[in-house]
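Reproduced below: coords_5.cif, with mmCIF, C-alpha atoms and all ligand atoms.
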```cif
data_coords
loop_
_atom_site.label_atom_id
_atom_site.label_comp_id
_atom_site.auth_asym_id
_atom_site.auth_seq_id
_atom_site.Cartn_x
_atom_site.Cartn_y
_atom_site.Cartn_z
CA MET A 1 32.26 -0.65 70.08
CA ALA A 2 36.02 -0.60 70.66
CA PHE A 3 36.55 -0.70 66.89
CA MET A 4 34.09 2.16 66.51
CA LYS A 5 35.95 4.34 68.98
CA LYS A 6 39.37 3.46 67.72
CA TYR A 7 38.92 3.82 63.99
CA LEU A 8 35.55 4.95 62.85
CA LEU A 9 35.16 8.18 64.75
CA PRO A 10 38.54 9.65 63.83
CA LEU A 11 38.00 8.46 60.27
CA LEU A 12 34.61 10.11 60.19
CA VAL A 13 35.99 13.40 61.42
CA LEU A 14 38.85 13.32 58.93
CA PHE A 15 36.53 12.36 56.15
CA LEU A 16 33.93 15.02 56.82
CA GLY A 17 36.65 17.60 57.18
CA TYR A 18 38.08 16.62 53.83
CA TYR A 19 34.75 16.19 52.14
CA TYR A 20 33.19 19.47 53.10
CA SER A 21 36.27 21.67 52.84
CA THR A 22 36.39 23.75 49.71
CA HIS A 23 39.63 23.44 47.81
CA ASP A 24 39.64 25.98 45.01
CA GLU A 25 37.99 29.27 44.26
CA PHE A 26 35.75 29.46 41.23
CA ARG A 27 36.62 32.04 38.60
CA PRO A 28 34.37 32.67 35.57
CA GLU A 29 37.50 32.67 33.36
CA MET A 30 37.72 28.93 34.01
CA LEU A 31 34.99 28.52 31.38
CA LYS A 32 36.40 30.94 28.82
CA GLY A 33 36.93 29.15 25.50
CA LYS A 34 35.74 25.82 26.95
CA ARG A 35 33.66 23.64 24.64
CA VAL A 36 30.45 22.74 26.47
CA VAL A 37 27.49 20.56 25.50
CA VAL A 38 24.17 21.16 27.33
CA THR A 39 21.14 18.88 26.97
CA GLY A 40 17.62 20.00 27.84
CA ALA A 41 18.72 23.55 27.08
CA SER A 42 15.50 24.93 25.53
CA LYS A 43 14.10 26.04 28.89
CA GLY A 44 14.45 25.78 32.66
CA ILE A 45 17.79 25.14 34.33
CA GLY A 46 19.44 23.99 31.08
CA ARG A 47 18.69 27.30 29.39
CA GLU A 48 20.05 29.26 32.38
CA MET A 49 23.26 27.20 32.27
CA ALA A 50 23.63 28.02 28.57
CA TYR A 51 23.26 31.75 29.39
CA HIS A 52 25.84 31.65 32.21
CA LEU A 53 28.30 29.71 30.03
CA SER A 54 27.83 32.27 27.27
CA ARG A 55 28.52 35.20 29.63
CA MET A 56 31.72 33.38 30.63
CA GLY A 57 32.80 33.13 26.99
CA ALA A 58 32.38 29.37 26.43
CA HIS A 59 31.51 27.59 23.18
CA VAL A 60 28.12 25.89 23.51
CA VAL A 61 26.20 23.24 21.60
CA LEU A 62 22.64 22.89 22.87
CA THR A 63 19.94 20.32 22.38
CA ALA A 64 16.27 19.60 23.17
CA ARG A 65 13.29 18.71 20.96
CA SER A 66 11.88 22.20 20.34
CA GLU A 67 13.81 23.74 17.46
CA GLU A 68 11.97 27.04 17.77
CA SER A 69 12.99 27.54 21.40
CA LEU A 70 16.56 26.42 20.78
CA GLN A 71 16.91 28.99 18.01
CA LYS A 72 15.95 31.76 20.43
CA VAL A 73 18.26 30.49 23.15
CA VAL A 74 21.20 30.28 20.74
CA SER A 75 20.71 33.82 19.48
CA ARG A 76 20.57 35.11 23.08
CA CYS A 77 23.74 33.12 23.87
CA LEU A 78 25.54 34.92 21.05
CA ASP A 79 24.32 38.29 22.40
CA LEU A 80 25.61 37.38 25.85
CA GLY A 81 29.10 36.70 24.56
CA ALA A 82 29.36 33.00 23.74
CA ALA A 83 32.54 32.15 21.80
CA SER A 84 30.19 30.19 19.54
CA ALA A 85 26.67 28.80 19.91
CA HIS A 86 24.88 26.07 17.97
CA TYR A 87 21.91 23.80 18.46
CA ILE A 88 20.97 20.37 17.20
CA ALA A 89 17.31 19.46 17.82
CA GLY A 90 16.13 15.90 18.49
CA THR A 91 14.65 13.57 21.04
CA MET A 92 16.60 11.62 23.66
CA GLU A 93 14.07 8.80 23.29
CA ASP A 94 16.16 7.94 20.23
CA MET A 95 19.54 6.51 21.25
CA ALA A 96 20.90 6.81 17.70
CA PHE A 97 20.18 10.55 17.84
CA ALA A 98 21.90 10.79 21.24
CA GLU A 99 25.07 9.22 19.88
CA GLN A 100 25.16 11.21 16.63
CA PHE A 101 24.41 14.42 18.51
CA VAL A 102 27.60 14.15 20.54
CA VAL A 103 29.71 13.36 17.50
CA LYS A 104 28.29 16.38 15.64
CA ALA A 105 28.74 18.63 18.67
CA GLY A 106 32.38 17.53 18.87
CA LYS A 107 32.88 18.37 15.19
CA LEU A 108 31.26 21.81 15.59
CA MET A 109 33.60 22.77 18.46
CA GLY A 110 36.66 20.68 17.62
CA GLY A 111 36.30 18.61 20.80
CA VAL A 112 34.38 18.66 24.08
CA ASP A 113 35.54 19.86 27.50
CA MET A 114 32.28 19.50 29.39
CA LEU A 115 29.18 17.39 28.84
CA ILE A 116 26.21 18.63 30.87
CA LEU A 117 23.42 16.03 31.03
CA ASN A 118 20.26 17.77 32.17
CA HIS A 119 17.20 16.80 30.08
CA ILE A 120 14.31 14.77 31.49
CA THR A 121 11.10 13.51 29.98
CA GLN A 122 8.09 15.27 31.41
CA SER A 123 6.25 13.37 34.14
CA SER A 124 3.44 14.44 36.46
CA LEU A 125 3.10 13.63 40.14
CA SER A 126 1.02 10.47 40.50
CA LEU A 127 0.69 7.19 42.35
CA PHE A 128 2.40 4.31 40.60
CA HIS A 129 -0.12 1.63 39.59
CA ASP A 130 0.88 -0.40 36.56
CA ASP A 131 2.30 2.00 34.00
CA VAL A 132 5.36 0.02 33.00
CA ARG A 133 5.35 1.57 29.54
CA SER A 134 5.86 5.05 30.93
CA LEU A 135 8.44 3.77 33.45
CA ARG A 136 10.41 2.34 30.53
CA LYS A 137 10.29 5.68 28.73
CA VAL A 138 11.43 7.53 31.86
CA MET A 139 14.36 5.10 32.31
CA GLU A 140 15.35 5.46 28.65
CA VAL A 141 15.22 9.26 28.47
CA ASN A 142 16.37 10.13 32.01
CA PHE A 143 18.96 7.37 32.43
CA LEU A 144 19.88 5.28 29.38
CA SER A 145 20.39 8.28 27.07
CA TYR A 146 22.78 9.78 29.68
CA VAL A 147 24.90 6.64 29.43
CA VAL A 148 24.80 6.68 25.62
CA LEU A 149 25.76 10.37 25.52
CA SER A 150 28.67 9.93 27.90
CA VAL A 151 29.96 6.82 26.10
CA ALA A 152 29.95 8.78 22.83
CA ALA A 153 31.70 11.76 24.45
CA LEU A 154 34.29 9.87 26.49
CA PRO A 155 37.03 9.69 23.84
CA MET A 156 36.86 13.49 23.42
CA LEU A 157 36.63 14.07 27.18
CA LYS A 158 39.71 11.93 27.76
CA GLN A 159 41.61 14.07 25.28
CA SER A 160 40.62 17.29 26.99
CA ASN A 161 40.80 16.03 30.61
CA GLY A 162 37.15 17.02 30.57
CA SER A 163 34.07 16.67 32.76
CA ILE A 164 30.72 14.95 32.80
CA VAL A 165 28.00 16.76 34.72
CA VAL A 166 24.91 14.78 35.70
CA VAL A 167 21.92 16.80 36.86
CA SER A 168 19.98 14.81 39.44
CA SER A 169 17.60 15.54 42.26
CA MET A 170 16.97 14.95 45.94
CA ALA A 171 14.64 12.25 44.58
CA GLY A 172 17.83 10.49 43.48
CA LYS A 173 19.17 10.39 47.05
CA MET A 174 15.98 9.93 49.13
CA THR A 175 12.48 8.64 48.46
CA GLN A 176 9.22 10.55 48.34
CA PRO A 177 5.71 9.55 47.22
CA LEU A 178 4.31 10.28 43.71
CA VAL A 179 7.60 10.11 41.79
CA ALA A 180 8.46 6.39 41.64
CA SER A 181 9.66 6.28 38.01
CA TYR A 182 11.49 9.62 38.14
CA SER A 183 13.14 8.63 41.41
CA ALA A 184 14.21 5.24 40.00
CA SER A 185 15.85 6.99 37.03
CA LYS A 186 17.70 9.46 39.29
CA PHE A 187 18.90 6.71 41.68
CA ALA A 188 20.11 4.82 38.61
CA LEU A 189 22.22 7.83 37.59
CA ASP A 190 23.89 7.84 41.03
CA GLY A 191 24.57 4.08 40.91
CA PHE A 192 26.01 4.22 37.41
CA PHE A 193 27.95 7.48 37.37
CA SER A 194 29.31 7.21 40.92
CA THR A 195 30.64 3.76 39.98
CA ILE A 196 32.21 5.14 36.82
CA ARG A 197 33.82 7.89 38.90
CA LYS A 198 35.51 5.20 41.04
CA GLU A 199 36.63 3.33 37.92
CA HIS A 200 38.12 6.51 36.50
CA LEU A 201 39.97 7.08 39.76
CA MET A 202 41.37 3.54 39.85
CA THR A 203 42.37 3.45 36.18
CA SER A 204 43.75 7.02 35.98
CA VAL A 205 41.14 8.35 33.57
CA ASN A 206 41.17 12.09 34.13
CA VAL A 207 37.51 12.79 33.34
CA SER A 208 35.65 14.22 36.35
CA ILE A 209 32.05 13.33 37.12
CA THR A 210 29.89 15.82 39.02
CA LEU A 211 26.50 14.62 40.29
CA CYS A 212 24.16 17.52 41.07
CA VAL A 213 21.53 16.99 43.75
CA LEU A 214 18.88 19.68 43.40
CA GLY A 215 15.93 20.58 45.61
CA LEU A 216 12.80 22.23 44.23
CA ILE A 217 13.76 24.85 41.63
CA ASP A 218 11.39 27.50 40.27
CA THR A 219 11.26 26.36 36.64
CA GLU A 220 7.91 26.57 34.87
CA THR A 221 7.68 22.78 34.52
CA ALA A 222 8.38 22.11 38.18
CA MET A 223 6.06 24.84 39.47
CA LYS A 224 3.22 23.47 37.32
CA ALA A 225 3.94 19.89 38.41
CA VAL A 226 3.90 20.52 42.17
CA SER A 227 1.08 23.07 42.22
CA GLY A 228 -1.67 22.07 44.65
CA VAL A 229 0.19 18.92 45.81
CA PHE A 230 3.44 19.87 47.40
CA THR A 231 4.38 23.03 49.24
CA SER A 232 8.00 23.93 49.73
CA PRO A 233 10.04 27.02 48.91
CA ALA A 234 11.52 26.83 45.41
CA ALA A 235 15.06 28.07 44.80
CA PRO A 236 15.90 30.34 41.82
CA LYS A 237 16.90 28.58 38.59
CA GLU A 238 19.51 31.23 37.67
CA GLU A 239 21.53 30.67 40.86
CA CYS A 240 20.99 26.93 40.63
CA ALA A 241 22.46 26.90 37.12
CA LEU A 242 25.48 28.91 38.31
CA GLU A 243 26.14 26.55 41.24
CA ILE A 244 26.13 23.56 38.88
CA ILE A 245 28.68 25.24 36.61
CA LYS A 246 30.88 26.22 39.57
CA GLY A 247 30.89 22.68 40.96
CA ALA A 248 31.63 21.26 37.53
CA ALA A 249 34.52 23.67 36.90
CA LEU A 250 36.01 22.76 40.28
CA ARG A 251 35.64 19.07 39.36
CA LYS A 252 33.61 18.32 42.51
CA ASP A 253 32.13 14.86 42.97
CA GLU A 254 28.77 16.23 44.07
CA VAL A 255 26.95 19.56 44.14
CA TYR A 256 24.00 20.12 46.46
CA TYR A 257 21.61 22.98 45.77
CA ASP A 258 18.49 23.39 47.87
CA SER A 259 16.79 26.18 49.81
CA TRP A 260 17.23 24.23 53.09
CA ILE A 261 20.81 24.54 54.41
CA TRP A 262 20.89 21.12 56.13
CA THR A 263 20.21 19.17 52.93
CA PRO A 264 23.86 18.69 51.87
CA ILE A 265 24.88 17.37 55.26
CA LEU A 266 21.88 15.09 55.70
CA LEU A 267 21.87 13.71 52.15
CA GLY A 268 25.68 13.72 51.78
CA ASN A 269 25.62 10.35 53.58
CA PRO A 270 28.98 10.10 55.35
CA GLY A 271 28.21 6.44 56.17
CA ARG A 272 28.13 5.59 52.49
CA ARG A 273 31.37 7.53 51.85
CA ILE A 274 33.20 5.69 54.59
CA MET A 275 31.95 2.29 53.38
CA GLU A 276 33.01 3.13 49.83
CA PHE A 277 36.40 4.39 50.96
CA LEU A 278 37.05 1.25 53.01
CA SER A 279 35.80 -1.13 50.32
CA LEU A 280 38.10 0.34 47.66
CA ARG A 281 41.14 -1.04 49.50
CA LYS A 282 39.91 -4.58 48.98
CA TYR A 283 40.27 -4.45 45.21
CA ASN A 284 43.14 -5.52 43.05
CA MET A 285 42.57 -3.73 39.74
CA ASP A 286 45.68 -5.00 37.91
CA LYS A 287 43.61 -7.20 35.63
CA PHE A 288 41.56 -4.24 34.45
CA VAL A 289 44.09 -1.45 34.05
CA ASN A 290 45.46 -0.62 30.59
CA ASN A 291 42.99 -2.79 28.71
N1 LIG B 301 12.98 22.08 38.59
C1 LIG B 301 13.13 21.36 39.68
O1 LIG B 301 12.44 21.55 40.68
C2 LIG B 301 14.15 20.27 39.73
C3 LIG B 301 14.39 19.64 40.95
C4 LIG B 301 15.34 18.64 41.02
C5 LIG B 301 16.03 18.28 39.87
N2 LIG B 301 15.77 18.89 38.69
C6 LIG B 301 16.48 18.43 37.50
O2 LIG B 301 16.95 19.53 36.75
C7 LIG B 301 16.96 19.20 35.37
C8 LIG B 301 16.23 20.27 34.58
O3 LIG B 301 14.92 20.43 35.09
P1 LIG B 301 14.01 21.66 34.65
O4 LIG B 301 13.05 21.89 35.76
O5 LIG B 301 14.87 22.76 34.18
O6 LIG B 301 13.20 21.00 33.43
P2 LIG B 301 12.45 21.72 32.20
O7 LIG B 301 12.38 23.18 32.38
O8 LIG B 301 11.17 20.97 32.00
O9 LIG B 301 13.42 21.41 30.98
C9 LIG B 301 13.53 20.11 30.48
C10 LIG B 301 14.36 20.15 29.22
O10 LIG B 301 14.44 18.83 28.67
C11 LIG B 301 13.99 18.86 27.32
N3 LIG B 301 13.33 17.60 26.98
C12 LIG B 301 12.13 17.14 27.41
N4 LIG B 301 11.86 15.94 26.85
C13 LIG B 301 12.91 15.65 26.04
C14 LIG B 301 13.20 14.57 25.16
N5 LIG B 301 12.35 13.54 25.00
N6 LIG B 301 14.36 14.59 24.47
C15 LIG B 301 15.23 15.62 24.60
N7 LIG B 301 15.01 16.68 25.43
C16 LIG B 301 13.85 16.68 26.13
C17 LIG B 301 13.05 20.05 27.25
O11 LIG B 301 12.96 20.60 25.96
P3 LIG B 301 11.91 20.11 24.84
O12 LIG B 301 10.58 19.99 25.48
O13 LIG B 301 12.01 21.17 23.80
O14 LIG B 301 12.45 18.79 24.34
C18 LIG B 301 13.75 21.04 28.16
O15 LIG B 301 14.77 21.71 27.46
C19 LIG B 301 16.34 17.80 35.27
O16 LIG B 301 17.34 16.83 35.22
C20 LIG B 301 15.58 17.68 36.58
O17 LIG B 301 15.42 16.32 36.98
C21 LIG B 301 14.84 19.88 38.59
C1 LIG B 302 45.68 16.20 30.58
O1 LIG B 302 46.34 15.80 31.76
C2 LIG B 302 47.59 15.18 31.50
C3 LIG B 302 48.11 14.66 32.81
O2 LIG B 302 47.98 15.60 33.84
C4 LIG B 302 48.51 16.20 30.86
O3 LIG B 302 49.77 15.58 30.58
C5 LIG B 302 47.90 16.69 29.57
O4 LIG B 302 48.68 17.70 29.00
C6 LIG B 302 46.51 17.22 29.81
N1 LIG B 302 45.88 17.53 28.55
C7 LIG B 302 45.14 18.62 28.38
C8 LIG B 302 44.56 18.81 27.02
O5 LIG B 302 44.96 19.43 29.26
C1 LIG B 303 43.20 16.37 35.33
O1 LIG B 303 42.78 17.43 34.50
C2 LIG B 303 42.64 18.66 35.17
C3 LIG B 303 42.03 19.65 34.18
O2 LIG B 303 42.80 19.78 33.05
C4 LIG B 303 43.99 19.10 35.69
O3 LIG B 303 43.84 20.33 36.39
C5 LIG B 303 44.53 18.03 36.63
O4 LIG B 303 45.83 18.38 37.04
C6 LIG B 303 44.56 16.69 35.94
N1 LIG B 303 44.91 15.69 36.92
C7 LIG B 303 45.74 14.70 36.68
C8 LIG B 303 45.97 13.75 37.78
O5 LIG B 303 46.30 14.55 35.59
#
```
Please express the file's structure as structure tokens.
Amino acid sequence: MAFMKKYLLPLLVLFLGYYYSTHDEFRPEMLKGKRVVVTGASKGIGREMAYHLSRMGAHVVLTARSEESLQKVVSRCLDLGAASAHYIAGTMEDMAFAEQFVVKAGKLMGGVDMLILNHITQSSLSLFHDDVRSLRKVMEVNFLSYVVLSVAALPMLKQSNGSIVVVSSMAGKMTQPLVASYSASKFALDGFFSTIRKEHLMTSVNVSITLCVLGLIDTETAMKAVSGVFTSPAAPKEECALEIIKGAALRKDEVYYDSWIWTPILLGNPGRRIMEFLSLRKYNMDKFVNN
């Protein structure tokens, strides 16, 4: 208890103050001329991000499976003012495609400043019984392909002091029924990318990682999936997409976007932050730096 009073409380106050204070102001010009890759950009939040980026004058390379939809999105991006807009269609079930996609995107734009990982494989709300096959697919598309894409992009992102943006969900920070596989894949993203963020910090790799924790958003897919099962206000996808881009441009560790204002504070988990902060001091990284 004495330890608590002496160290933890002041630390907590300092930490929360630091963590929740906003540092910089976002300006749309921050994205002008930036070379941005967006996955899952044929519809939903991904498509809205592509439109915002285009209005801000970024270069975009988009991907998803549906070539027809991507074509339409790209032509709208050009109308909205994108510095350039291309698409490469393919499935993120195929890790070879994921890797080649990033390389091609880099060639199209002459580098990459921001990699926005947003696609997910479609899954419906259901009890988990024994469907290990579909769990494996969810882990591969929603998690493993994100790792493959970021590994392929990292050399270019190091050159540009760039950013990785990982679109996750409240289901990646808390548990709920009916989404076991989806939730596992989103928790995995937090475990992996939040670790990588620490490694970047400790080895002076200037590539930011922004994890986005979203509540229910009014995309067609989500509205269809929850209909008749789950009632909660859905937030607008256009504003959601803009908040993700703002957080990414400001190189924030995490972005919370939900219609309930207490979500960021309750899911922000100051206990975890303090434990992570304290545990970092116990490491000697000499062996791992500059290899
Ligand atoms: N909407 C919400 O309520 C909500 C809440 C929390 C978090 N999120 C997160 O926000 C992100 C976007 O969600 P959304 O609601 O905008 O989804 P969405 O509208 O269903 O869009 C999903 C995108 O992923 C693509 N996709 C699907 N399967 C794919 C595959 N096998 N390979 C490559 N691309 C594939 C889809 O295009 P094709 O079908 O053409 O491939 C589409 O462009 C996801 O990461 C999701 O977890 C959403
Ligand atoms: C990246 O950051 C380093 C260190 O701050 C700086 O020297 C370099 O010029 C930056 N490169 C780019 C492309 O911004
Ligand atoms: C990292 O890159 C960003 C974006 O270019 C730059 O603003 C920042 O100063 C860099 N930080 C370091 C420590 O080099």
Kindly provide the residues of region 22-58 of chain A that approach region 127-151 of chain A to within 12 Å, each paired with its closest atom pair and their distance in Å to one decimal, based on all atoms listed in the file, listed by chain and increasing number, as a Markdown table.
```
| residue | atom | partner | partner_atom | distance |
| --- | --- | --- | --- | --- |
| A:Val37 | CA | A:Leu149 | CA | 10.3 |
| A:Val38 | CA | A:Leu149 | CA | 11.1 |
| A:Thr39 | CA | A:Tyr146 | CA | 9.6 |
| A:Gly40 | CA | A:Asn142 | CA | 10.8 |
```
Could you take the residues named above and write them with C-alpha atoms, as a PDB file, keeping the file's coordinate frame?
```
ATOM      1  CA  VAL A  37      27.490  20.560  25.500  1.00  0.00           C
ATOM      2  CA  VAL A  38      24.170  21.160  27.330  1.00  0.00           C
ATOM      3  CA  THR A  39      21.140  18.880  26.970  1.00  0.00           C
ATOM      4  CA  GLY A  40      17.620  20.000  27.840  1.00  0.00           C
TER       5      GLY A  40
END
```
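Among the candidates A:Val73, A:Leu11, A:Ala82, A:Val213, the one nearest to Met170 (chain A) when counting all atoms listed in the file is A:Val213.
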**Study point:** Between CA of Ile245 (chain A) and CA of Val60 (chain A) - distance in Å to one decimal
**Key:** 13.1 Å
Exercise for review: Enumerate, as a PyMOL selection string, the protein, DNA and RNA residues whose atoms approach (23.0, 32.5, 23.0) to within 12 Å, taking into account all atoms listed in the file and the coordinate frame of the file.
Suggested key: chain A and resi 41-42+47-62+69-87
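In this comparison, which uses all atoms listed in the file, the residue of A:Gln100, A:Lys173, A:Glu239, A:Ser126 approaching Asn269 (chain A) most closely is A:Lys173.
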Exercise for review: Could you please extract the residues within 8 Å of ligand LIG 303 (chain B), counting all atoms listed in the file, and hand them back as a ChimeraX atom specification?
Suggested key: /A:160-162,204,206-208
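Checking A:Gln176, A:Thr231, A:Ser124, A:Thr63 one by one against ligand LIG 301 (chain B), counting all atoms listed in the file, you find the shortest gap at A:Thr63.
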Box for ligand LIG 302 (chain B) - axis-aligned, 5 Å on each of the six sides, all listed atoms - centre and size in Å to one decimal, as AutoDock Vina command-line options.
```
--center_x 47.2 --center_y 17.0 --center_z 30.4 --size_x 15.2 --size_y 14.8 --size_z 16.8
```
Review point. Nearest to Leu250 (chain A): which of A:Ile120, A:Val102, A:Ile209, A:Met174 is it, counting only C-alpha atoms?
Key: A:Ile209
Given the block above, output region 197-216 of chain A with N, CA, C and O atoms as an mmCIF file, in the first residue's frame.
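decode-v7.cif, freshly written:
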```cif
data_model
loop_
_atom_site.group_PDB
_atom_site.id
_atom_site.type_symbol
_atom_site.label_atom_id
_atom_site.label_comp_id
_atom_site.auth_asym_id
_atom_site.auth_seq_id
_atom_site.Cartn_x
_atom_site.Cartn_y
_atom_site.Cartn_z
ATOM 1 N N ARG A 197 6.021 -2.037 -32.066
ATOM 2 C CA ARG A 197 6.155 -0.617 -31.765
ATOM 3 C C ARG A 197 7.229 -0.402 -30.696
ATOM 4 O O ARG A 197 8.058 0.498 -30.808
ATOM 5 N N LYS A 198 7.236 -1.270 -29.672
ATOM 6 C CA LYS A 198 8.252 -1.166 -28.614
ATOM 7 C C LYS A 198 9.640 -1.448 -29.185
ATOM 8 O O LYS A 198 10.619 -0.788 -28.827
ATOM 9 N N GLU A 199 9.729 -2.443 -30.067
ATOM 10 C CA GLU A 199 11.028 -2.782 -30.654
ATOM 11 C C GLU A 199 11.547 -1.630 -31.513
ATOM 12 O O GLU A 199 12.739 -1.331 -31.499
ATOM 13 N N HIS A 200 10.643 -0.986 -32.235
ATOM 14 C CA HIS A 200 11.049 0.173 -33.030
ATOM 15 C C HIS A 200 11.576 1.282 -32.126
ATOM 16 O O HIS A 200 12.602 1.896 -32.408
ATOM 17 N N LEU A 201 10.880 1.491 -31.019
ATOM 18 C CA LEU A 201 11.295 2.524 -30.074
ATOM 19 C C LEU A 201 12.696 2.232 -29.524
ATOM 20 O O LEU A 201 13.545 3.109 -29.461
ATOM 21 N N MET A 202 12.933 0.976 -29.175
ATOM 22 C CA MET A 202 14.187 0.624 -28.504
ATOM 23 C C MET A 202 15.347 0.446 -29.462
ATOM 24 O O MET A 202 16.496 0.366 -29.038
ATOM 25 N N THR A 203 15.055 0.347 -30.770
ATOM 26 C CA THR A 203 16.136 0.177 -31.740
ATOM 27 C C THR A 203 16.181 1.350 -32.724
ATOM 28 O O THR A 203 16.796 1.260 -33.787
ATOM 29 N N SER A 204 15.511 2.450 -32.357
ATOM 30 C CA SER A 204 15.499 3.682 -33.162
ATOM 31 C C SER A 204 15.084 3.456 -34.609
ATOM 32 O O SER A 204 15.722 3.967 -35.524
ATOM 33 N N VAL A 205 14.039 2.686 -34.806
ATOM 34 C CA VAL A 205 13.429 2.577 -36.137
ATOM 35 C C VAL A 205 12.283 3.586 -36.159
ATOM 36 O O VAL A 205 11.341 3.474 -35.379
ATOM 37 N N ASN A 206 12.397 4.568 -37.059
ATOM 38 C CA ASN A 206 11.391 5.632 -37.046
ATOM 39 C C ASN A 206 10.210 5.314 -37.965
ATOM 40 O O ASN A 206 9.933 6.037 -38.912
ATOM 41 N N VAL A 207 9.539 4.205 -37.685
ATOM 42 C CA VAL A 207 8.306 3.849 -38.395
ATOM 43 C C VAL A 207 7.215 3.754 -37.336
ATOM 44 O O VAL A 207 7.290 2.896 -36.455
ATOM 45 N N SER A 208 6.218 4.649 -37.394
ATOM 46 C CA SER A 208 5.186 4.663 -36.355
ATOM 47 C C SER A 208 4.168 3.556 -36.616
ATOM 48 O O SER A 208 3.982 3.115 -37.740
ATOM 49 N N ILE A 209 3.542 3.114 -35.542
ATOM 50 C CA ILE A 209 2.493 2.097 -35.656
ATOM 51 C C ILE A 209 1.268 2.602 -34.915
ATOM 52 O O ILE A 209 1.324 2.877 -33.714
ATOM 53 N N THR A 210 0.171 2.765 -35.641
ATOM 54 C CA THR A 210 -1.077 3.267 -35.061
ATOM 55 C C THR A 210 -2.123 2.158 -35.078
ATOM 56 O O THR A 210 -2.511 1.686 -36.147
ATOM 57 N N LEU A 211 -2.545 1.751 -33.885
ATOM 58 C CA LEU A 211 -3.591 0.717 -33.770
ATOM 59 C C LEU A 211 -4.926 1.421 -33.576
ATOM 60 O O LEU A 211 -5.081 2.230 -32.661
ATOM 61 N N CYS A 212 -5.902 1.103 -34.438
ATOM 62 C CA CYS A 212 -7.184 1.807 -34.383
ATOM 63 C C CYS A 212 -8.258 0.905 -33.794
ATOM 64 O O CYS A 212 -8.525 -0.180 -34.317
ATOM 65 N N VAL A 213 -8.852 1.367 -32.707
ATOM 66 C CA VAL A 213 -9.843 0.576 -31.978
ATOM 67 C C VAL A 213 -11.214 1.173 -32.270
ATOM 68 O O VAL A 213 -11.553 2.243 -31.763
ATOM 69 N N LEU A 214 -11.978 0.476 -33.120
ATOM 70 C CA LEU A 214 -13.250 1.033 -33.581
ATOM 71 C C LEU A 214 -14.431 0.353 -32.910
ATOM 72 O O LEU A 214 -14.424 -0.858 -32.705
ATOM 73 N N GLY A 215 -15.453 1.152 -32.611
ATOM 74 C CA GLY A 215 -16.743 0.605 -32.182
ATOM 75 C C GLY A 215 -17.559 0.236 -33.411
ATOM 76 O O GLY A 215 -17.020 0.137 -34.523
ATOM 77 N N LEU A 216 -18.858 0.076 -33.236
ATOM 78 C CA LEU A 216 -19.709 -0.292 -34.376
ATOM 79 C C LEU A 216 -19.805 0.881 -35.355
ATOM 80 O O LEU A 216 -20.125 2.003 -34.974
#
```
